[in-house]
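For reference, start12.tsv is printed below; it contains TSV, C-alpha atoms.
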chain	number	residue	atom	x	y	z
A	76	MET	CA	-20.28	5.55	2.32
A	77	VAL	CA	-18.30	6.50	5.40
A	78	ARG	CA	-14.87	4.93	5.42
A	79	LYS	CA	-13.55	3.79	8.77
A	80	PRO	CA	-10.04	4.73	9.90
A	81	GLY	CA	-7.15	2.61	8.64
A	82	ARG	CA	-6.11	1.66	12.17
A	83	MET	CA	-9.15	-0.64	12.33
A	84	TYR	CA	-7.70	-2.89	9.63
A	85	ARG	CA	-3.96	-2.43	10.26
A	86	ASN	CA	-3.39	-5.49	12.48
A	87	VAL	CA	-3.02	-8.95	10.99
A	88	ASP	CA	-5.54	-11.17	12.74
A	89	GLY	CA	-7.13	-14.40	11.65
A	90	PRO	CA	-6.44	-16.53	8.61
A	91	ALA	CA	-6.07	-15.16	5.10
A	92	TYR	CA	-9.35	-14.45	3.29
A	93	THR	CA	-8.42	-14.19	-0.37
A	94	ARG	CA	-10.56	-16.54	-2.49
A	95	ARG	CA	-12.69	-14.08	-4.44
A	96	GLU	CA	-14.28	-16.77	-6.58
A	97	TYR	CA	-16.28	-17.95	-3.55
A	98	MET	CA	-17.50	-14.52	-2.46
A	99	GLY	CA	-19.53	-11.86	-4.18
A	100	GLY	CA	-19.41	-8.10	-4.05
A	101	VAL	CA	-15.70	-7.58	-3.38
A	102	PRO	CA	-14.73	-4.06	-4.52
A	103	ASN	CA	-11.85	-3.80	-6.96
A	104	PRO	CA	-8.59	-2.33	-5.61
A	105	LYS	CA	-8.07	1.38	-6.25
A	106	ILE	CA	-4.49	0.90	-7.46
A	107	VAL	CA	-4.39	1.94	-11.10
A	108	HIS	CA	-0.78	1.18	-12.12
A	109	PHE	CA	1.88	-0.95	-10.51
A	110	GLU	CA	4.72	0.23	-12.78
A	111	MET	CA	5.27	3.90	-13.63
A	112	GLY	CA	7.89	6.02	-15.33
A	113	ASN	CA	10.20	4.60	-17.97
A	114	VAL	CA	8.95	1.00	-18.04
A	115	LYS	CA	10.93	0.06	-21.16
A	116	ALA	CA	14.27	0.93	-19.53
A	117	LYS	CA	13.44	-0.38	-16.05
A	118	ASN	CA	16.61	-2.48	-15.84
A	119	ASP	CA	18.92	0.28	-17.14
A	120	PHE	CA	18.94	2.44	-14.01
A	121	PRO	CA	22.03	1.90	-11.82
A	122	VAL	CA	20.45	2.87	-8.45
A	123	GLU	CA	17.43	1.26	-6.78
A	124	LEU	CA	15.92	2.62	-3.55
A	125	SER	CA	13.18	0.66	-1.79
A	126	LEU	CA	10.62	1.34	0.92
A	127	MET	CA	10.83	-1.42	3.55
A	128	VAL	CA	8.26	-2.12	6.28
A	129	ASP	CA	9.45	-2.23	9.91
A	130	GLU	CA	6.56	-4.31	11.30
A	131	SER	CA	3.96	-6.76	10.00
A	132	CYS	CA	0.62	-5.19	9.13
A	133	GLN	CA	-2.14	-4.87	6.56
A	134	ILE	CA	-2.06	-1.94	4.14
A	135	ARG	CA	-5.40	-0.99	2.59
A	136	HIS	CA	-5.61	-0.53	-1.15
A	137	ASN	CA	-6.46	3.16	-0.87
A	138	ALA	CA	-3.35	3.77	1.29
A	139	LEU	CA	-1.20	2.03	-1.34
A	140	GLU	CA	-2.78	4.17	-4.05
A	141	ALA	CA	-2.18	7.36	-2.04
A	142	ALA	CA	1.48	6.39	-1.54
A	143	ARG	CA	1.84	5.61	-5.25
A	144	ILE	CA	0.34	8.94	-6.30
A	145	ILE	CA	2.57	11.03	-4.04
A	146	ALA	CA	5.75	9.12	-4.99
A	147	ASN	CA	4.95	9.40	-8.68
A	148	LYS	CA	4.19	13.11	-8.30
A	149	HIS	CA	7.62	13.75	-6.74
A	150	LEU	CA	9.47	11.57	-9.26
A	151	ASN	CA	7.75	13.25	-12.23
A	152	LYS	CA	9.86	16.34	-11.44
A	153	VAL	CA	12.96	14.55	-12.80
A	154	GLY	CA	11.15	13.61	-16.01
A	155	THR	CA	9.20	10.49	-16.92
A	156	ALA	CA	12.16	9.00	-18.81
A	157	ASN	CA	14.51	9.31	-15.81
A	158	TYR	CA	12.89	6.97	-13.26
A	159	PHE	CA	11.02	3.72	-12.78
A	160	LEU	CA	8.59	3.28	-9.86
A	161	TRP	CA	7.32	-0.17	-8.98
A	162	ILE	CA	4.62	-1.15	-6.46
A	163	ARG	CA	5.69	-4.59	-5.27
A	164	VAL	CA	2.68	-5.73	-3.21
A	165	PHE	CA	-0.89	-6.51	-4.29
A	166	PRO	CA	-3.96	-6.21	-2.05
A	167	HIS	CA	-5.21	-9.82	-1.97
A	168	GLN	CA	-6.69	-9.86	1.55
A	169	VAL	CA	-10.44	-9.13	1.55
A	170	ILE	CA	-11.55	-6.93	4.44
A	171	ARG	CA	-14.96	-7.63	5.95
A	172	GLU	CA	-17.17	-5.42	8.06
A	173	HIS	CA	-20.29	-6.16	10.05
A	174	LYS	CA	-22.60	-3.21	9.55
A	175	MET	CA	-24.03	-2.10	12.85
A	176	ALA	CA	-26.94	0.24	13.49
A	177	THR	CA	-25.93	3.42	15.29
A	178	GLY	CA	-27.86	6.27	16.82
A	179	ALA	CA	-30.52	6.67	19.46
A	180	GLY	CA	-32.20	3.40	20.40
A	181	ALA	CA	-29.82	1.29	18.35
A	182	ASP	CA	-28.63	-0.65	21.41
A	183	ARG	CA	-31.77	-2.81	21.29
A	184	ILE	CA	-31.44	-3.49	17.56
A	185	SER	CA	-27.73	-4.22	17.22
A	186	SER	CA	-27.14	-6.45	20.24
A	187	GLY	CA	-27.37	-9.72	18.30
A	188	MET	CA	-25.05	-11.63	15.98
A	189	SER	CA	-21.95	-11.87	18.12
A	190	LYS	CA	-18.88	-12.92	16.09
A	191	ALA	CA	-20.65	-11.98	12.85
A	192	PHE	CA	-18.77	-12.71	9.63
A	193	GLY	CA	-19.42	-9.45	7.79
A	194	LYS	CA	-19.58	-8.34	4.16
A	195	PRO	CA	-16.59	-7.42	1.98
A	196	VAL	CA	-15.81	-3.70	2.06
A	197	GLY	CA	-12.31	-3.52	0.56
A	198	THR	CA	-8.96	-5.19	0.10
A	199	ALA	CA	-5.58	-4.97	1.79
A	200	ALA	CA	-2.04	-6.21	1.27
A	201	ARG	CA	-0.61	-8.27	4.11
A	202	VAL	CA	3.05	-7.43	4.55
A	203	LYS	CA	5.65	-8.97	6.81
A	204	ARG	CA	8.43	-7.24	8.70
A	205	GLY	CA	11.29	-6.40	6.32
A	206	GLN	CA	9.19	-6.74	3.16
A	207	ILE	CA	9.66	-4.19	0.36
A	208	ILE	CA	6.51	-2.29	-0.60
A	209	MET	CA	7.74	-0.12	-3.46
A	210	SER	CA	10.98	0.53	-5.31
A	211	ALA	CA	12.27	3.48	-7.30
A	212	ARG	CA	15.06	3.09	-9.85
A	213	VAL	CA	16.88	6.26	-10.87
A	214	ASN	CA	20.17	7.61	-12.20
A	215	PRO	CA	22.83	8.62	-9.63
A	216	ASN	CA	22.10	12.35	-10.04
A	217	ASN	CA	18.43	11.84	-9.00
A	218	VAL	CA	19.00	9.82	-5.82
A	219	GLU	CA	18.00	12.61	-3.43
A	220	LYS	CA	14.72	13.21	-5.28
A	221	ALA	CA	13.93	9.48	-5.15
A	222	LYS	CA	14.65	9.45	-1.40
A	223	GLU	CA	12.30	12.39	-0.93
A	224	ALA	CA	9.57	10.67	-3.01
A	225	LEU	CA	9.77	7.45	-0.97
A	226	ARG	CA	9.86	9.41	2.30
A	227	GLU	CA	6.68	11.26	1.35
A	228	ALA	CA	5.05	7.97	0.29
A	229	SER	CA	5.85	6.42	3.68
A	230	TYR	CA	3.67	9.04	5.40
A	231	LYS	CA	0.62	7.61	3.62
A	232	LEU	CA	1.15	4.09	4.99
A	233	PRO	CA	-0.15	2.78	8.34
A	234	THR	CA	3.22	1.53	9.57
A	235	SER	CA	6.73	2.86	9.99
A	236	CYS	CA	8.98	2.34	6.98
A	237	ARG	CA	12.60	2.93	6.08
A	238	ILE	CA	14.38	3.59	2.82
A	239	VAL	CA	17.05	1.06	1.86
A	240	VAL	CA	19.42	0.98	-1.10
A	241	THR	CA	18.96	-2.36	-2.85
A	242	LYS	CA	21.17	-1.66	-5.88
A	243	GLY	CA	23.99	0.78	-6.57
A	244	LYS	CA	25.28	1.46	-3.05
A	245	GLU	CA	28.45	3.04	-4.48
A	246	PHE	CA	26.38	5.92	-5.93
A	247	VAL	CA	24.56	6.80	-2.67
A	248	LYS	CA	26.14	8.84	0.11
Would you kindly transcribe this structure into structure tokens?
Amino acid sequence: MVRKPGRMYRNVDGPAYTRREYMGGVPNPKIVHFEMGNVKAKNDFPVELSLMVDESCQIRHNALEAARIIANKHLNKVGTANYFLWIRVFPHQVIREHKMATGAGADRISSGMSKAFGKPVGTAARVKRGQIIMSARVNPNNVEKAKEALREASYKLPTSCRIVVTKGKEFVK
């Protein structure tokens, strides 16, 4: 299956479409874990850095998974017991696509069904401006590595993000 570019689903348009019990064939989200690292000591870390969205958009589940993988990969360098990474959004919004015929002579075939509803092809998380997508909790000596991990994760997302300190501002320069 050819996946379309993320920019096609980035904008928030139309009402929410989230009731899976009334629709069939919705693919499961690709996100494997929402909490990583030292889950048992998640409240013991004095510094929390978060990735905040600058504009409202939809983030596809595979973009969230890519951001999670890269952030976890960078934070694993400090040791699994020395960080806690938390994905704070869930892809509830079901994305639909109207399959169109392409190729030579397809203009006669695919001219009908204007405003077609489409079939479910994936899920996305709708986020608002200023919403936190993911957070990393670390010790003060690992703050720079956590900043680097969140910065790398922001490259995988379809919107501009910034890193904010939500806990332990006295430890961050």
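Near (11.7, 9.6, -7.9), the residues that fall inside 6 Å on the basis of only C-alpha atoms are His149, Leu150, Lys220, Ala221 and Ala224 of chain A.
The shortest atom-to-atom distance to A:Asn118, with all atoms listed in the file taken into account, belongs to A:Arg212 out of A:Lys244, A:Arg212, A:Arg94, A:Arg226.
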### Task
Considering all atoms listed in the file, return as a ChimeraX atom specification whatever protein or nucleic-acid residues lie within 9 Å of A:Arg201, sequence-local ones (same chain, fewer than 2 positions apart) excluded.
/A:87,91,131-135,164-168,199,203
### Atom-to-atom span, atom CA of A:Asn216 and atom CA of A:Glu245, Å
12.6 Å
Give one line per residue of stretch 96-184 of chain A that approaches stretch 230-239 of chain A to at most 8 Å, naming the two atoms of the closest pair and their distance in Å to one decimal, counting only C-alpha atoms; sort by chain then ascending residue number and deliver it as CSV.
residue,atom,partner,partner_atom,distance
A:Leu124,CA,A:Val239,CA,5.7
A:Ser125,CA,A:Val239,CA,5.3
A:Leu126,CA,A:Ile238,CA,4.8
A:Met127,CA,A:Arg237,CA,5.3
A:Val128,CA,A:Cys236,CA,4.6
A:Asp129,CA,A:Cys236,CA,5.4
A:Glu130,CA,A:Thr234,CA,6.9
A:Cys132,CA,A:Thr234,CA,7.2
A:Ile134,CA,A:Pro233,CA,6.6
A:Ala138,CA,A:Leu232,CA,5.8
A:Leu139,CA,A:Leu232,CA,7.1
A:Ala141,CA,A:Lys231,CA,6.3
A:Ala142,CA,A:Lys231,CA,5.4
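Environment of (3.6, 4.6, -6.1): residues at most 7 Å away, judged by all atoms listed in the file, are Glu140, Ala142, Arg143, Ile144, Ile145, Ala146, Asn147, Leu160, Trp161, Ile162 and Met209 of chain A.
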Write the selection just made, keeping C-alpha atoms, as an mmCIF file, in the coordinates of the input?
data_model
loop_
_atom_site.group_PDB
_atom_site.id
_atom_site.type_symbol
_atom_site.label_atom_id
_atom_site.label_comp_id
_atom_site.auth_asym_id
_atom_site.auth_seq_id
_atom_site.Cartn_x
_atom_site.Cartn_y
_atom_site.Cartn_z
ATOM 1 C CA GLU A 140 -2.780 4.170 -4.050
ATOM 2 C CA ALA A 142 1.480 6.390 -1.540
ATOM 3 C CA ARG A 143 1.840 5.610 -5.250
ATOM 4 C CA ILE A 144 0.340 8.940 -6.300
ATOM 5 C CA ILE A 145 2.570 11.030 -4.040
ATOM 6 C CA ALA A 146 5.750 9.120 -4.990
ATOM 7 C CA ASN A 147 4.950 9.400 -8.680
ATOM 8 C CA LEU A 160 8.590 3.280 -9.860
ATOM 9 C CA TRP A 161 7.320 -0.170 -8.980
ATOM 10 C CA ILE A 162 4.620 -1.150 -6.460
ATOM 11 C CA MET A 209 7.740 -0.120 -3.460
#
### Query
Contacts of A:Gly89 at 12 Å or less, counting all atoms listed in the file, minus same-chain residues fewer than 3 places along, as a PyMOL selection string?
chain A and resi 84+86+92+133+168-171+192+201
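Using all atoms listed in the file, the smallest distance between any of A:Val247, A:Ala191, A:Ala156, A:Val122 and A:Ala211 comes from A:Val122.
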Can you complete the atoms of stretch 142-171 of chain A to N, CA and C atoms and list them as a short mmCIF file (atom, residue, chain, number, x, y, z; two decimals), in the frame of the given file?
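Listing of rebuild10.cif after writing:
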data_model
loop_
_atom_site.label_atom_id
_atom_site.label_comp_id
_atom_site.auth_asym_id
_atom_site.auth_seq_id
_atom_site.Cartn_x
_atom_site.Cartn_y
_atom_site.Cartn_z
N ALA A 142 0.02 6.41 -1.56
CA ALA A 142 1.48 6.39 -1.54
C ALA A 142 2.04 6.39 -2.97
N ARG A 143 1.40 5.65 -3.86
CA ARG A 143 1.84 5.61 -5.25
C ARG A 143 1.70 6.97 -5.91
N ILE A 144 0.59 7.64 -5.67
CA ILE A 144 0.34 8.94 -6.30
C ILE A 144 1.37 9.97 -5.84
N ILE A 145 1.65 10.01 -4.54
CA ILE A 145 2.57 11.03 -4.04
C ILE A 145 4.00 10.74 -4.49
N ALA A 146 4.40 9.47 -4.53
CA ALA A 146 5.75 9.12 -4.99
C ALA A 146 5.90 9.44 -6.47
N ASN A 147 4.89 9.12 -7.25
CA ASN A 147 4.95 9.40 -8.68
C ASN A 147 4.96 10.90 -8.95
N LYS A 148 4.23 11.65 -8.14
CA LYS A 148 4.19 13.11 -8.30
C LYS A 148 5.58 13.72 -8.06
N HIS A 149 6.28 13.24 -7.03
CA HIS A 149 7.62 13.75 -6.74
C HIS A 149 8.63 13.29 -7.79
N LEU A 150 8.51 12.07 -8.27
CA LEU A 150 9.47 11.57 -9.26
C LEU A 150 9.23 12.15 -10.65
N ASN A 151 8.03 12.63 -10.93
CA ASN A 151 7.75 13.25 -12.23
C ASN A 151 8.56 14.53 -12.43
N LYS A 152 9.06 15.12 -11.34
CA LYS A 152 9.86 16.34 -11.44
C LYS A 152 11.19 16.10 -12.14
N VAL A 153 11.69 14.86 -12.11
CA VAL A 153 12.96 14.55 -12.80
C VAL A 153 12.72 14.12 -14.24
N GLY A 154 11.47 14.00 -14.64
CA GLY A 154 11.15 13.61 -16.01
C GLY A 154 10.74 12.14 -16.05
N THR A 155 9.73 11.85 -16.86
CA THR A 155 9.20 10.49 -16.92
C THR A 155 10.23 9.48 -17.43
N ALA A 156 11.16 9.92 -18.25
CA ALA A 156 12.16 9.00 -18.81
C ALA A 156 13.31 8.73 -17.84
N ASN A 157 13.35 9.41 -16.70
CA ASN A 157 14.51 9.31 -15.81
C ASN A 157 14.25 8.51 -14.54
N TYR A 158 13.16 7.78 -14.45
CA TYR A 158 12.89 6.97 -13.26
C TYR A 158 11.99 5.81 -13.61
N PHE A 159 11.95 4.84 -12.70
CA PHE A 159 11.02 3.72 -12.78
C PHE A 159 10.52 3.45 -11.37
N LEU A 160 9.21 3.52 -11.16
CA LEU A 160 8.59 3.28 -9.86
C LEU A 160 7.77 2.01 -9.94
N TRP A 161 7.93 1.15 -8.94
CA TRP A 161 7.32 -0.17 -8.98
C TRP A 161 6.66 -0.47 -7.64
N ILE A 162 5.34 -0.71 -7.65
CA ILE A 162 4.62 -1.15 -6.46
C ILE A 162 4.76 -2.66 -6.40
N ARG A 163 5.32 -3.18 -5.31
CA ARG A 163 5.69 -4.59 -5.27
C ARG A 163 4.74 -5.48 -4.47
N VAL A 164 3.67 -4.92 -3.94
CA VAL A 164 2.68 -5.73 -3.21
C VAL A 164 1.32 -5.56 -3.88
N PHE A 165 0.46 -6.57 -3.73
CA PHE A 165 -0.89 -6.51 -4.29
C PHE A 165 -1.89 -6.77 -3.17
N PRO A 166 -2.98 -6.01 -3.12
CA PRO A 166 -3.96 -6.21 -2.05
C PRO A 166 -4.86 -7.42 -2.30
N HIS A 167 -4.44 -8.59 -1.82
CA HIS A 167 -5.21 -9.82 -1.97
C HIS A 167 -6.22 -10.02 -0.84
N GLN A 168 -5.87 -9.59 0.36
CA GLN A 168 -6.69 -9.86 1.55
C GLN A 168 -8.00 -9.07 1.48
N VAL A 169 -9.12 -9.78 1.58
CA VAL A 169 -10.44 -9.13 1.55
C VAL A 169 -10.81 -8.72 2.97
N ILE A 170 -11.18 -7.47 3.13
CA ILE A 170 -11.55 -6.93 4.44
C ILE A 170 -13.07 -6.97 4.57
N ARG A 171 -13.52 -7.51 5.70
CA ARG A 171 -14.96 -7.63 5.95
C ARG A 171 -15.37 -6.69 7.08
#
